[in-house]
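Q: Coordinates in structure-v9.pdb, PDB, C-alpha atoms, pLDDT in the B column, are listed below.
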```pdb
MODEL        1
ATOM      1  CA  MET O   1     -22.171 -50.910  -8.429  1.00 70.00           C
ATOM      2  CA  ILE O   2     -18.740 -50.327  -9.970  1.00 79.00           C
ATOM      3  CA  ALA O   3     -19.936 -47.015 -11.401  1.00 86.00           C
ATOM      4  CA  ILE O   4     -21.113 -45.901  -7.956  1.00 87.00           C
ATOM      5  CA  GLN O   5     -17.778 -46.925  -6.382  1.00 89.00           C
ATOM      6  CA  THR O   6     -15.913 -45.000  -9.059  1.00 89.00           C
ATOM      7  CA  ARG O   7     -18.074 -41.923  -8.516  1.00 91.00           C
ATOM      8  CA  ILE O   8     -17.457 -41.992  -4.748  1.00 91.00           C
ATOM      9  CA  ILE O   9     -13.701 -42.423  -5.213  1.00 93.00           C
ATOM     10  CA  ARG O  10     -13.561 -39.581  -7.757  1.00 93.00           C
ATOM     11  CA  LYS O  11     -15.367 -37.260  -5.342  1.00 94.00           C
ATOM     12  CA  PHE O  12     -12.819 -37.947  -2.602  1.00 94.00           C
ATOM     13  CA  LYS O  13      -9.987 -37.335  -5.077  1.00 94.00           C
ATOM     14  CA  ALA O  14     -11.581 -34.105  -6.303  1.00 94.00           C
ATOM     15  CA  VAL O  15     -11.605 -32.584  -2.818  1.00 94.00           C
ATOM     16  CA  GLY O  16      -8.181 -33.982  -1.875  1.00 95.00           C
ATOM     17  CA  ALA O  17      -9.340 -36.104   1.066  1.00 95.00           C
ATOM     18  CA  PHE O  18      -6.344 -38.475   1.249  1.00 96.00           C
ATOM     19  CA  ASN O  19      -5.412 -38.546   4.934  1.00 94.00           C
ATOM     20  CA  PRO O  20      -6.966 -38.093   8.390  1.00 95.00           C
ATOM     21  CA  ASP O  21      -6.156 -34.365   8.395  1.00 93.00           C
ATOM     22  CA  SER O  22      -7.931 -33.729   5.074  1.00 95.00           C
ATOM     23  CA  ALA O  23     -10.904 -35.985   5.864  1.00 95.00           C
ATOM     24  CA  ILE O  24     -14.365 -34.657   5.100  1.00 94.00           C
ATOM     25  CA  PRO O  25     -17.986 -35.321   6.073  1.00 94.00           C
ATOM     26  CA  LEU O  26     -19.957 -37.321   3.516  1.00 89.00           C
ATOM     27  CA  SER O  27     -22.345 -34.423   3.085  1.00 89.00           C
ATOM     28  CA  GLU O  28     -19.500 -32.397   1.528  1.00 89.00           C
ATOM     29  CA  ILE O  29     -19.337 -34.697  -1.481  1.00 87.00           C
ATOM     30  CA  GLY O  30     -23.008 -35.639  -1.570  1.00 84.00           C
ATOM     31  CA  ALA O  31     -22.367 -39.288  -0.702  1.00 80.00           C
ATOM     32  CA  ALA O  32     -24.524 -41.465   1.517  1.00 79.00           C
ATOM     33  CA  GLN O  33     -23.597 -44.353   3.765  1.00 83.00           C
ATOM     34  CA  ASN O  34     -25.209 -46.920   1.529  1.00 88.00           C
ATOM     35  CA  ARG O  35     -24.244 -50.496   0.713  1.00 93.00           C
ATOM     36  CA  VAL O  36     -21.634 -49.469  -1.869  1.00 91.00           C
ATOM     37  CA  PHE O  37     -20.019 -46.913   0.445  1.00 91.00           C
ATOM     38  CA  ASN O  38     -19.963 -49.396   3.329  1.00 93.00           C
ATOM     39  CA  LYS O  39     -18.257 -51.967   1.077  1.00 93.00           C
ATOM     40  CA  LEU O  40     -15.500 -49.444   0.333  1.00 94.00           C
ATOM     41  CA  VAL O  41     -15.119 -48.896   4.085  1.00 94.00           C
ATOM     42  CA  ARG O  42     -14.959 -52.656   4.780  1.00 94.00           C
ATOM     43  CA  LYS O  43     -12.253 -53.039   2.136  1.00 94.00           C
ATOM     44  CA  GLY O  44     -10.242 -50.211   3.715  1.00 96.00           C
ATOM     45  CA  ILE O  45     -10.498 -47.996   0.645  1.00 96.00           C
ATOM     46  CA  ILE O  46     -12.433 -45.343   2.523  1.00 96.00           C
ATOM     47  CA  LEU O  47     -11.233 -44.743   6.078  1.00 96.00           C
ATOM     48  CA  GLN O  48     -12.752 -42.823   8.951  1.00 95.00           C
ATOM     49  CA  ASN O  49     -10.695 -40.590  11.236  1.00 95.00           C
ATOM     50  CA  TYR O  50     -11.171 -40.097  14.968  1.00 92.00           C
ATOM     51  CA  GLN O  51     -13.617 -37.230  14.319  1.00 94.00           C
ATOM     52  CA  GLY O  52     -15.896 -39.413  12.208  1.00 92.00           C
ATOM     53  CA  LEU O  53     -14.800 -37.819   8.926  1.00 95.00           C
ATOM     54  CA  PHE O  54     -13.846 -39.854   5.870  1.00 96.00           C
ATOM     55  CA  TYR O  55     -10.889 -39.981   3.478  1.00 96.00           C
ATOM     56  CA  LEU O  56      -9.578 -42.088   0.612  1.00 97.00           C
ATOM     57  CA  ASN O  57      -6.820 -44.646   1.140  1.00 97.00           C
ATOM     58  CA  GLU O  58      -5.123 -44.256  -2.248  1.00 94.00           C
ATOM     59  CA  ILE O  59      -2.881 -47.297  -1.817  1.00 94.00           C
ATOM     60  CA  LYS O  60      -5.842 -49.630  -1.213  1.00 94.00           C
ATOM     61  CA  GLN O  61      -7.762 -47.980  -4.038  1.00 92.00           C
ATOM     62  CA  GLN O  62      -4.891 -48.592  -6.454  1.00 92.00           C
ATOM     63  CA  GLU O  63      -4.601 -52.210  -5.278  1.00 92.00           C
ATOM     64  CA  LEU O  64      -8.307 -52.731  -5.954  1.00 87.00           C
ATOM     65  CA  PHE O  65      -7.941 -51.180  -9.423  1.00 87.00           C
ATOM     66  CA  LYS O  66      -4.995 -53.455 -10.239  1.00 93.00           C
ATOM     67  CA  LYS O  67      -6.917 -56.548  -9.103  1.00 91.00           C
ATOM     68  CA  LYS O  68      -9.939 -55.631 -11.209  1.00 88.00           C
ATOM     69  CA  LEU O  69      -7.708 -54.922 -14.198  1.00 93.00           C
ATOM     70  CA  ALA O  70      -6.026 -58.321 -13.801  1.00 95.00           C
ATOM     71  CA  VAL O  71      -9.413 -60.050 -13.699  1.00 94.00           C
ATOM     72  CA  LEU O  72     -10.540 -58.153 -16.794  1.00 94.00           C
ATOM     73  CA  LYS O  73      -7.384 -59.124 -18.680  1.00 97.00           C
ATOM     74  CA  THR O  74      -7.881 -62.768 -17.701  1.00 96.00           C
ATOM     75  CA  VAL O  75     -11.484 -62.742 -18.908  1.00 96.00           C
ATOM     76  CA  ILE O  76     -10.443 -61.184 -22.228  1.00 97.00           C
ATOM     77  CA  ILE O  77      -7.740 -63.825 -22.713  1.00 97.00           C
ATOM     78  CA  ILE O  78     -10.156 -66.656 -21.921  1.00 97.00           C
ATOM     79  CA  ILE O  79     -12.771 -65.295 -24.312  1.00 97.00           C
ATOM     80  CA  SER O  80     -10.153 -64.832 -27.049  1.00 96.00           C
ATOM     81  CA  ILE O  81      -8.794 -68.351 -26.681  1.00 96.00           C
ATOM     82  CA  THR O  82     -12.284 -69.824 -26.606  1.00 96.00           C
ATOM     83  CA  THR O  83     -13.249 -67.890 -29.733  1.00 95.00           C
ATOM     84  CA  LEU O  84     -10.132 -69.094 -31.559  1.00 94.00           C
ATOM     85  CA  LEU O  85     -10.736 -72.696 -30.510  1.00 94.00           C
ATOM     86  CA  ILE O  86     -14.330 -72.574 -31.715  1.00 93.00           C
ATOM     87  CA  TYR O  87     -13.243 -71.020 -35.014  1.00 90.00           C
ATOM     88  CA  PHE O  88     -10.568 -73.660 -35.664  1.00 88.00           C
ATOM     89  CA  TRP O  89     -12.809 -76.501 -34.487  1.00 90.00           C
ATOM     90  CA  LYS O  90     -15.549 -75.486 -36.928  1.00 88.00           C
ATOM     91  CA  ASN O  91     -13.055 -75.228 -39.789  1.00 80.00           C
ATOM     92  CA  ILE O  92     -11.499 -78.690 -39.366  1.00 75.00           C
TER      93      ILE O  92
ENDMDL
END
```
Represent the supplied structure as structure tokens.
A:
Amino acid sequence: MIAIQTRIIRKFKAVGAFNPDSAIPLSEIGAAQNRVFNKLVRKGIILQNYQGLFYLNEIKQQELFKKKLAVLKTVIIIISITTLLIYFWKNI
């Protein structure tokens, strides 16, 4: 799912669809209104203009990226601490 989100976001970036005036139809980037696309719309990452065309909200996209990066860092820290604790516990 993350790979599909990334692919959709990259396609919008590639064509420069960043505001209502540069919005595009989904057919232009080969995207479909599937579950993943609709999730991006619900989160406000992909927006629709008054003509029914779509564009990327870069600010929301960057916020999402930062949140996912923070979660990843937290998971790595937890795994590292757990690994160290197990190592020291076994060597006592």
Q: Would you kindly translate the PyMOL selection byres ((chain O and resi 37-39) around 12) into the concrete residues it picks from this file, as a count of residues only?
A: 30
Q: Measure the distance from CA of Asn49 (chain O) to CA of Phe65 (chain O) in Å and round it to one decimal.
A: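 Rounded to one decimal, the two atoms are 23.4 Å apart.
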Q: Could you state the separation of CA of Arg10 (chain O) and CA of Ile29 (chain O) in Å, given to one decimal place?
A: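 Value for the CA of Arg10 (chain O)-CA of Ile29 (chain O) distance: 9.8 Å.
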Q: Choose the residue, out of O:Ile79, O:Glu63, O:Glu58, O:Leu69, that has the smallest atom-to-atom separation from Gly16 (chain O); count all atoms listed in the file.
A: O:Glu58
